[in-house]
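With PDB, C-alpha atoms inside, this is run35.pdb:
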ATOM      1  CA  MET A 207    -128.092  33.342  25.016
ATOM      2  CA  ASN A 208    -125.904  32.991  28.100
ATOM      3  CA  THR A 209    -124.404  36.395  28.983
ATOM      4  CA  THR A 210    -123.007  35.365  32.370
ATOM      5  CA  ARG A 211    -119.361  36.358  32.588
ATOM      6  CA  GLN A 212    -117.186  33.333  33.306
ATOM      7  CA  PRO A 213    -114.268  33.656  35.747
ATOM      8  CA  GLU A 214    -110.771  33.994  34.293
ATOM      9  CA  TYR A 215    -109.200  32.024  37.150
ATOM     10  CA  GLY A 216    -110.379  28.999  39.053
ATOM     11  CA  ILE A 217    -110.638  29.473  42.796
ATOM     12  CA  GLY A 218    -107.064  29.257  44.030
ATOM     13  CA  GLY A 219    -105.745  28.264  40.606
ATOM     14  CA  HIS A 220    -105.001  24.705  39.547
ATOM     15  CA  VAL A 221    -102.280  22.060  39.884
ATOM     16  CA  HIS A 222    -100.882  19.211  37.769
ATOM     17  CA  PHE A 223     -99.733  15.715  38.650
ATOM     18  CA  TYR A 224     -96.381  14.621  37.237
ATOM     19  CA  TYR A 225     -94.094  11.587  37.391
ATOM     20  CA  GLY A 226     -91.268   9.871  35.554
ATOM     21  CA  PRO A 227     -87.812   8.314  35.645
ATOM     22  CA  THR A 228     -84.511  10.187  35.682
ATOM     23  CA  SER A 229     -81.671   9.507  33.275
ATOM     24  CA  PHE A 230     -79.518   6.395  33.796
ATOM     25  CA  ASN A 231     -76.237   7.482  35.430
ATOM     26  CA  LEU A 232     -73.586   5.442  37.251
ATOM     27  CA  GLY A 233     -75.566   2.246  36.875
ATOM     28  CA  HIS A 234     -78.929   3.406  38.252
ATOM     29  CA  ILE A 235     -81.995   5.598  37.805
ATOM     30  CA  HIS A 236     -84.398   7.302  40.207
ATOM     31  CA  ARG A 237     -88.094   7.971  39.934
ATOM     32  CA  TYR A 238     -89.947  11.115  40.925
ATOM     33  CA  SER A 239     -93.579  12.144  41.222
ATOM     34  CA  GLY A 240     -95.630  14.877  42.778
ATOM     35  CA  ILE A 241     -98.178  17.629  42.491
ATOM     36  CA  SER A 242     -97.123  20.987  41.062
ATOM     37  CA  SER A 243     -97.511  24.342  42.756
ATOM     38  CA  ARG A 244    -100.595  26.360  41.945
ATOM     39  CA  ASN A 245    -100.294  28.347  38.730
ATOM     40  CA  PHE A 246     -98.593  31.742  38.633
ATOM     41  CA  GLY A 247     -97.954  34.318  35.922
ATOM     42  CA  GLY A 248    -101.373  34.961  34.403
ATOM     43  CA  VAL A 249    -103.911  32.978  32.440
ATOM     44  CA  ASP A 250    -102.348  32.857  28.977
ATOM     45  CA  ALA A 251     -98.701  32.445  30.003
ATOM     46  CA  HIS A 252     -98.743  30.742  33.384
ATOM     47  CA  ALA A 253     -96.292  28.191  34.800
ATOM     48  CA  HIS A 254     -95.831  25.945  37.851
ATOM     49  CA  TYR A 255     -93.024  24.922  40.214
ATOM     50  CA  LEU A 256     -92.174  21.218  40.488
ATOM     51  CA  THR A 257     -90.125  20.389  43.577
ATOM     52  CA  GLY A 258     -89.354  17.225  45.486
ATOM     53  CA  THR A 259     -87.044  14.320  46.215
ATOM     54  CA  THR A 260     -86.407  11.316  43.994
ATOM     55  CA  THR A 261     -86.782   7.720  45.111
ATOM     56  CA  PHE A 262     -84.029   6.162  47.232
ATOM     57  CA  ASN A 263     -81.811   4.141  44.883
ATOM     58  CA  ASN A 264     -78.159   3.107  45.160
ATOM     59  CA  ARG A 265     -78.139   4.367  48.793
ATOM     60  CA  HIS A 266     -79.114   7.986  48.042
ATOM     61  CA  THR A 267     -81.780  10.390  46.786
ATOM     62  CA  HIS A 268     -81.633  13.629  44.773
ATOM     63  CA  TYR A 269     -83.538  16.883  45.174
ATOM     64  CA  TYR A 270     -85.089  18.584  42.162
ATOM     65  CA  GLN A 271     -86.760  21.902  41.419
ATOM     66  CA  VAL A 272     -87.850  23.293  38.072
ATOM     67  CA  VAL A 273     -90.303  25.792  36.582
ATOM     68  CA  THR A 274     -92.509  24.394  33.824
ATOM     69  CA  GLY A 275     -92.895  25.942  30.423
ATOM     70  CA  PRO A 276     -96.144  27.714  29.490
ATOM     71  CA  GLY A 277     -99.404  25.818  29.070
ATOM     72  CA  ILE A 278     -99.924  23.748  25.911
ATOM     73  CA  PRO A 279    -103.537  23.168  24.788
ATOM     74  CA  ALA A 280    -104.536  19.514  25.171
ATOM     75  CA  GLY A 281    -108.093  19.815  23.837
ATOM     76  CA  ARG A 282    -111.523  19.776  25.472
ATOM     77  CA  GLY A 283    -110.690  22.613  27.866
ATOM     78  CA  TYR A 284    -107.465  21.078  29.239
ATOM     79  CA  HIS A 285    -103.760  21.876  28.973
ATOM     80  CA  VAL A 286    -100.359  20.408  29.907
ATOM     81  CA  HIS A 287     -96.835  21.754  30.544
ATOM     82  CA  ARG A 288     -93.381  20.568  29.467
ATOM     83  CA  TYR A 289     -90.532  20.498  31.973
ATOM     84  CA  TYR A 290     -86.829  19.628  31.933
ATOM     85  CA  GLY A 291     -84.243  19.760  34.676
ATOM     86  CA  ILE A 292     -81.145  18.400  36.367
ATOM     87  CA  THR A 293     -81.190  17.029  39.912
ATOM     88  CA  TRP A 294     -78.900  18.362  42.631
ATOM     89  CA  PHE A 295     -75.559  16.604  43.176
ATOM     90  CA  ASN A 296     -75.645  13.672  45.623
ATOM     91  CA  GLY A 297     -74.463  10.093  46.093
ATOM     92  CA  ILE A 298     -71.365   8.234  47.244
ATOM     93  CA  ARG A 299     -69.839   9.378  43.952
ATOM     94  CA  PRO A 300     -71.533  12.797  43.637
ATOM     95  CA  HIS A 301     -73.465  13.071  40.389
ATOM     96  CA  THR A 302     -76.691  14.416  38.866
ATOM     97  CA  HIS A 303     -79.505  13.003  36.742
ATOM     98  CA  TYR A 304     -81.554  14.590  33.975
ATOM     99  CA  TYR A 305     -85.335  14.449  34.096
ATOM    100  CA  GLY A 306     -88.190  15.823  32.054
ATOM    101  CA  GLY A 307     -91.570  15.189  30.561
ATOM    102  CA  ILE A 308     -95.093  16.501  30.276
ATOM    103  CA  THR A 309     -97.457  17.051  33.205
ATOM    104  CA  ALA A 310    -100.834  15.366  33.440
ATOM    105  CA  PRO A 311    -103.659  17.466  31.930
ATOM    106  CA  ALA A 312    -105.532  19.996  34.068
ATOM    107  CA  PRO A 313    -108.599  22.117  33.258
ATOM    108  CA  ASN A 314    -108.031  25.558  31.810
ATOM    109  CA  ASP A 315    -108.699  28.400  34.253
ATOM    110  CA  ARG A 316    -110.152  30.614  31.516
ATOM    111  CA  TYR A 317    -113.423  29.734  29.866
ATOM    112  CA  TYR A 318    -113.724  30.458  26.143
ATOM    113  CA  TYR A 319    -117.056  31.028  24.476
TER     114      TYR A 319
END
Could you rewrite the structure in this file as structure tokens?
Amino acid sequence: MNTTRQPEYGIGGHVHFYYGPTSFNLGHIHRYSGISSRNFGGVDAHAHYLTGTTTFNNRHTHYYQVVTGPGIPAGRGYHVHRYYGITWFNGIRPHTHYYGGITAPAPNDRYYY
């Protein structure tokens, strides 16, 4: 029987990849992608920051920043997070775009046995 205590957190936490398109506004969309911040808020109810700049479309970009929802089990020791947000105003005709989705899976920091 293995009685070795497993760590509750990975070294330095973990991150998630994410990507997607924004909503279609004023005749165009943008794309975004990145790597989340390291996890914060504890093992069972942690979240991540997603921040960045969209692609350059229609002669402008948009900034975005959002905090993900809590982890959602994805099976086999992995989890994902949902996120939704609105970009900052920008453009020749100032406007925003909606964005959202689910992060790529990442290993759980807590080991269950």
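Take the candidates A:Gly219, A:Gly226, A:Gly283, A:Pro300 and check each one against A:His252 using all atoms listed in the file; the shortest distance goes to A:Gly219.
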Requested in this report: Go through the shown structure with the PyMOL selection byres ((chain A and resi 275) around 12) and write out the matching residues as a PyMOL selection string.
Outcome: chain A and resi 245-247+250-256+272-274+276-278+285-291+306-309
Keeping only C-alpha atoms, write the selected residues to a file as a PDB file, keeping the file's coordinate frame.
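Written out: selection-v7.pdb:
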ATOM      1  CA  ASN A 245    -100.294  28.347  38.730  1.00  0.00           C
ATOM      2  CA  PHE A 246     -98.593  31.742  38.633  1.00  0.00           C
ATOM      3  CA  GLY A 247     -97.954  34.318  35.922  1.00  0.00           C
ATOM      4  CA  ASP A 250    -102.348  32.857  28.977  1.00  0.00           C
ATOM      5  CA  ALA A 251     -98.701  32.445  30.003  1.00  0.00           C
ATOM      6  CA  HIS A 252     -98.743  30.742  33.384  1.00  0.00           C
ATOM      7  CA  ALA A 253     -96.292  28.191  34.800  1.00  0.00           C
ATOM      8  CA  HIS A 254     -95.831  25.945  37.851  1.00  0.00           C
ATOM      9  CA  TYR A 255     -93.024  24.922  40.214  1.00  0.00           C
ATOM     10  CA  LEU A 256     -92.174  21.218  40.488  1.00  0.00           C
ATOM     11  CA  VAL A 272     -87.850  23.293  38.072  1.00  0.00           C
ATOM     12  CA  VAL A 273     -90.303  25.792  36.582  1.00  0.00           C
ATOM     13  CA  THR A 274     -92.509  24.394  33.824  1.00  0.00           C
ATOM     14  CA  PRO A 276     -96.144  27.714  29.490  1.00  0.00           C
ATOM     15  CA  GLY A 277     -99.404  25.818  29.070  1.00  0.00           C
ATOM     16  CA  ILE A 278     -99.924  23.748  25.911  1.00  0.00           C
ATOM     17  CA  HIS A 285    -103.760  21.876  28.973  1.00  0.00           C
ATOM     18  CA  VAL A 286    -100.359  20.408  29.907  1.00  0.00           C
ATOM     19  CA  HIS A 287     -96.835  21.754  30.544  1.00  0.00           C
ATOM     20  CA  ARG A 288     -93.381  20.568  29.467  1.00  0.00           C
ATOM     21  CA  TYR A 289     -90.532  20.498  31.973  1.00  0.00           C
ATOM     22  CA  TYR A 290     -86.829  19.628  31.933  1.00  0.00           C
ATOM     23  CA  GLY A 291     -84.243  19.760  34.676  1.00  0.00           C
ATOM     24  CA  GLY A 306     -88.190  15.823  32.054  1.00  0.00           C
ATOM     25  CA  GLY A 307     -91.570  15.189  30.561  1.00  0.00           C
ATOM     26  CA  ILE A 308     -95.093  16.501  30.276  1.00  0.00           C
ATOM     27  CA  THR A 309     -97.457  17.051  33.205  1.00  0.00           C
TER      28      THR A 309
END
Query - Shortest interatomic distance to A:Tyr304 - which of A:Arg265, A:Gln271, A:Phe230, A:Ile292, counting all atoms listed in the file - result: A:Ile292
**Report entry** Answer key for the PyMOL selection byres ((chain A and resi 303) around 10), residues as JSON, numbers by chain
**Finding:** {"A": [227, 228, 229, 230, 231, 232, 234, 235, 236, 268, 270, 291, 292, 293, 294, 295, 296, 301, 302, 304, 305]}
Restricting the output to C-alpha atoms, write the selected residues as a PDB file, in the frame of the given file.
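What follows is the written file out_15.pdb:
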ATOM      1  CA  PRO A 227     -87.812   8.314  35.645  1.00  0.00           C
ATOM      2  CA  THR A 228     -84.511  10.187  35.682  1.00  0.00           C
ATOM      3  CA  SER A 229     -81.671   9.507  33.275  1.00  0.00           C
ATOM      4  CA  PHE A 230     -79.518   6.395  33.796  1.00  0.00           C
ATOM      5  CA  ASN A 231     -76.237   7.482  35.430  1.00  0.00           C
ATOM      6  CA  LEU A 232     -73.586   5.442  37.251  1.00  0.00           C
ATOM      7  CA  HIS A 234     -78.929   3.406  38.252  1.00  0.00           C
ATOM      8  CA  ILE A 235     -81.995   5.598  37.805  1.00  0.00           C
ATOM      9  CA  HIS A 236     -84.398   7.302  40.207  1.00  0.00           C
ATOM     10  CA  HIS A 268     -81.633  13.629  44.773  1.00  0.00           C
ATOM     11  CA  TYR A 270     -85.089  18.584  42.162  1.00  0.00           C
ATOM     12  CA  GLY A 291     -84.243  19.760  34.676  1.00  0.00           C
ATOM     13  CA  ILE A 292     -81.145  18.400  36.367  1.00  0.00           C
ATOM     14  CA  THR A 293     -81.190  17.029  39.912  1.00  0.00           C
ATOM     15  CA  TRP A 294     -78.900  18.362  42.631  1.00  0.00           C
ATOM     16  CA  PHE A 295     -75.559  16.604  43.176  1.00  0.00           C
ATOM     17  CA  ASN A 296     -75.645  13.672  45.623  1.00  0.00           C
ATOM     18  CA  HIS A 301     -73.465  13.071  40.389  1.00  0.00           C
ATOM     19  CA  THR A 302     -76.691  14.416  38.866  1.00  0.00           C
ATOM     20  CA  TYR A 304     -81.554  14.590  33.975  1.00  0.00           C
ATOM     21  CA  TYR A 305     -85.335  14.449  34.096  1.00  0.00           C
TER      22      TYR A 305
END
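Interatomic distance, atom CA of A:Tyr269 to atom CA of A:Thr257: 7.6 Å.
Note that the spacing between atom CA of A:Pro313 and atom CA of A:Val221 amounts to 9.2 Å.
Separating atom CA of A:Arg282 from atom CA of A:Ser243 is a distance of 22.7 Å.
The residue that comes closest to A:Ala312, out of A:Ile298, A:Gly258, A:Gly281, A:Ser239 and on the basis of all atoms listed in the file, is A:Gly281.
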Could you model N, CA and C atoms for stretch 264-289 of chain A and present them as a PDB file, in the coordinates of the input?
ATOM      1  N   ASN A 264     -79.617   3.114  45.051  1.00  0.00           N
ATOM      2  CA  ASN A 264     -78.159   3.107  45.160  1.00  0.00           C
ATOM      3  C   ASN A 264     -77.688   3.891  46.396  1.00  0.00           C
ATOM      4  N   ARG A 265     -78.444   3.771  47.488  1.00  0.00           N
ATOM      5  CA  ARG A 265     -78.139   4.367  48.793  1.00  0.00           C
ATOM      6  C   ARG A 265     -78.176   5.896  48.830  1.00  0.00           C
ATOM      7  N   HIS A 266     -78.983   6.526  47.992  1.00  0.00           N
ATOM      8  CA  HIS A 266     -79.114   7.986  48.042  1.00  0.00           C
ATOM      9  C   HIS A 266     -80.366   8.456  47.300  1.00  0.00           C
ATOM     10  N   THR A 267     -80.707   9.706  47.506  1.00  0.00           N
ATOM     11  CA  THR A 267     -81.780  10.390  46.786  1.00  0.00           C
ATOM     12  C   THR A 267     -81.190  11.648  46.132  1.00  0.00           C
ATOM     13  N   HIS A 268     -82.000  12.332  45.357  1.00  0.00           N
ATOM     14  CA  HIS A 268     -81.633  13.629  44.773  1.00  0.00           C
ATOM     15  C   HIS A 268     -82.806  14.582  44.950  1.00  0.00           C
ATOM     16  N   TYR A 269     -82.514  15.844  45.156  1.00  0.00           N
ATOM     17  CA  TYR A 269     -83.538  16.883  45.174  1.00  0.00           C
ATOM     18  C   TYR A 269     -83.674  17.453  43.775  1.00  0.00           C
ATOM     19  N   TYR A 270     -84.873  17.936  43.458  1.00  0.00           N
ATOM     20  CA  TYR A 270     -85.089  18.584  42.162  1.00  0.00           C
ATOM     21  C   TYR A 270     -86.027  19.768  42.338  1.00  0.00           C
ATOM     22  N   GLN A 271     -85.879  20.735  41.461  1.00  0.00           N
ATOM     23  CA  GLN A 271     -86.760  21.902  41.419  1.00  0.00           C
ATOM     24  C   GLN A 271     -86.678  22.492  40.020  1.00  0.00           C
ATOM     25  N   VAL A 272     -87.819  22.748  39.426  1.00  0.00           N
ATOM     26  CA  VAL A 272     -87.850  23.293  38.072  1.00  0.00           C
ATOM     27  C   VAL A 272     -89.137  24.101  37.903  1.00  0.00           C
ATOM     28  N   VAL A 273     -89.107  25.045  36.977  1.00  0.00           N
ATOM     29  CA  VAL A 273     -90.303  25.792  36.582  1.00  0.00           C
ATOM     30  C   VAL A 273     -90.734  25.242  35.234  1.00  0.00           C
ATOM     31  N   THR A 274     -92.009  24.928  35.091  1.00  0.00           N
ATOM     32  CA  THR A 274     -92.509  24.394  33.824  1.00  0.00           C
ATOM     33  C   THR A 274     -92.503  25.468  32.746  1.00  0.00           C
ATOM     34  N   GLY A 275     -92.651  25.027  31.527  1.00  0.00           N
ATOM     35  CA  GLY A 275     -92.895  25.942  30.423  1.00  0.00           C
ATOM     36  C   GLY A 275     -94.349  26.390  30.459  1.00  0.00           C
ATOM     37  N   PRO A 276     -94.756  27.241  29.522  1.00  0.00           N
ATOM     38  CA  PRO A 276     -96.144  27.714  29.490  1.00  0.00           C
ATOM     39  C   PRO A 276     -97.107  26.581  29.135  1.00  0.00           C
ATOM     40  N   GLY A 277     -98.389  26.816  29.370  1.00  0.00           N
ATOM     41  CA  GLY A 277     -99.404  25.818  29.070  1.00  0.00           C
ATOM     42  C   GLY A 277     -99.475  25.498  27.584  1.00  0.00           C
ATOM     43  N   ILE A 278     -99.762  24.225  27.279  1.00  0.00           N
ATOM     44  CA  ILE A 278     -99.924  23.748  25.911  1.00  0.00           C
ATOM     45  C   ILE A 278    -101.334  23.179  25.807  1.00  0.00           C
ATOM     46  N   PRO A 279    -102.168  23.685  24.904  1.00  0.00           N
ATOM     47  CA  PRO A 279    -103.537  23.168  24.788  1.00  0.00           C
ATOM     48  C   PRO A 279    -103.542  21.656  24.562  1.00  0.00           C
ATOM     49  N   ALA A 280    -104.416  20.974  25.299  1.00  0.00           N
ATOM     50  CA  ALA A 280    -104.536  19.514  25.171  1.00  0.00           C
ATOM     51  C   ALA A 280    -105.932  19.117  24.702  1.00  0.00           C
ATOM     52  N   GLY A 281    -106.753  20.096  24.346  1.00  0.00           N
ATOM     53  CA  GLY A 281    -108.093  19.815  23.837  1.00  0.00           C
ATOM     54  C   GLY A 281    -109.132  19.696  24.939  1.00  0.00           C
ATOM     55  N   ARG A 282    -110.371  19.923  24.574  1.00  0.00           N
ATOM     56  CA  ARG A 282    -111.523  19.776  25.472  1.00  0.00           C
ATOM     57  C   ARG A 282    -111.402  20.569  26.767  1.00  0.00           C
ATOM     58  N   GLY A 283    -110.775  21.756  26.692  1.00  0.00           N
ATOM     59  CA  GLY A 283    -110.690  22.613  27.866  1.00  0.00           C
ATOM     60  C   GLY A 283    -109.573  22.267  28.832  1.00  0.00           C
ATOM     61  N   TYR A 284    -108.593  21.477  28.393  1.00  0.00           N
ATOM     62  CA  TYR A 284    -107.465  21.078  29.239  1.00  0.00           C
ATOM     63  C   TYR A 284    -106.151  21.551  28.625  1.00  0.00           C
ATOM     64  N   HIS A 285    -105.096  21.523  29.438  1.00  0.00           N
ATOM     65  CA  HIS A 285    -103.760  21.876  28.973  1.00  0.00           C
ATOM     66  C   HIS A 285    -102.725  21.105  29.772  1.00  0.00           C
ATOM     67  N   VAL A 286    -101.488  21.071  29.259  1.00  0.00           N
ATOM     68  CA  VAL A 286    -100.359  20.408  29.907  1.00  0.00           C
ATOM     69  C   VAL A 286     -99.173  21.367  29.897  1.00  0.00           C
ATOM     70  N   HIS A 287     -98.074  20.981  30.538  1.00  0.00           N
ATOM     71  CA  HIS A 287     -96.835  21.754  30.544  1.00  0.00           C
ATOM     72  C   HIS A 287     -95.654  20.818  30.328  1.00  0.00           C
ATOM     73  N   ARG A 288     -94.647  21.292  29.596  1.00  0.00           N
ATOM     74  CA  ARG A 288     -93.381  20.568  29.467  1.00  0.00           C
ATOM     75  C   ARG A 288     -92.445  21.025  30.582  1.00  0.00           C
ATOM     76  N   TYR A 289     -91.544  20.133  30.980  1.00  0.00           N
ATOM     77  CA  TYR A 289     -90.532  20.498  31.973  1.00  0.00           C
ATOM     78  C   TYR A 289     -89.270  19.672  31.739  1.00  0.00           C
TER      79      TYR A 289
END
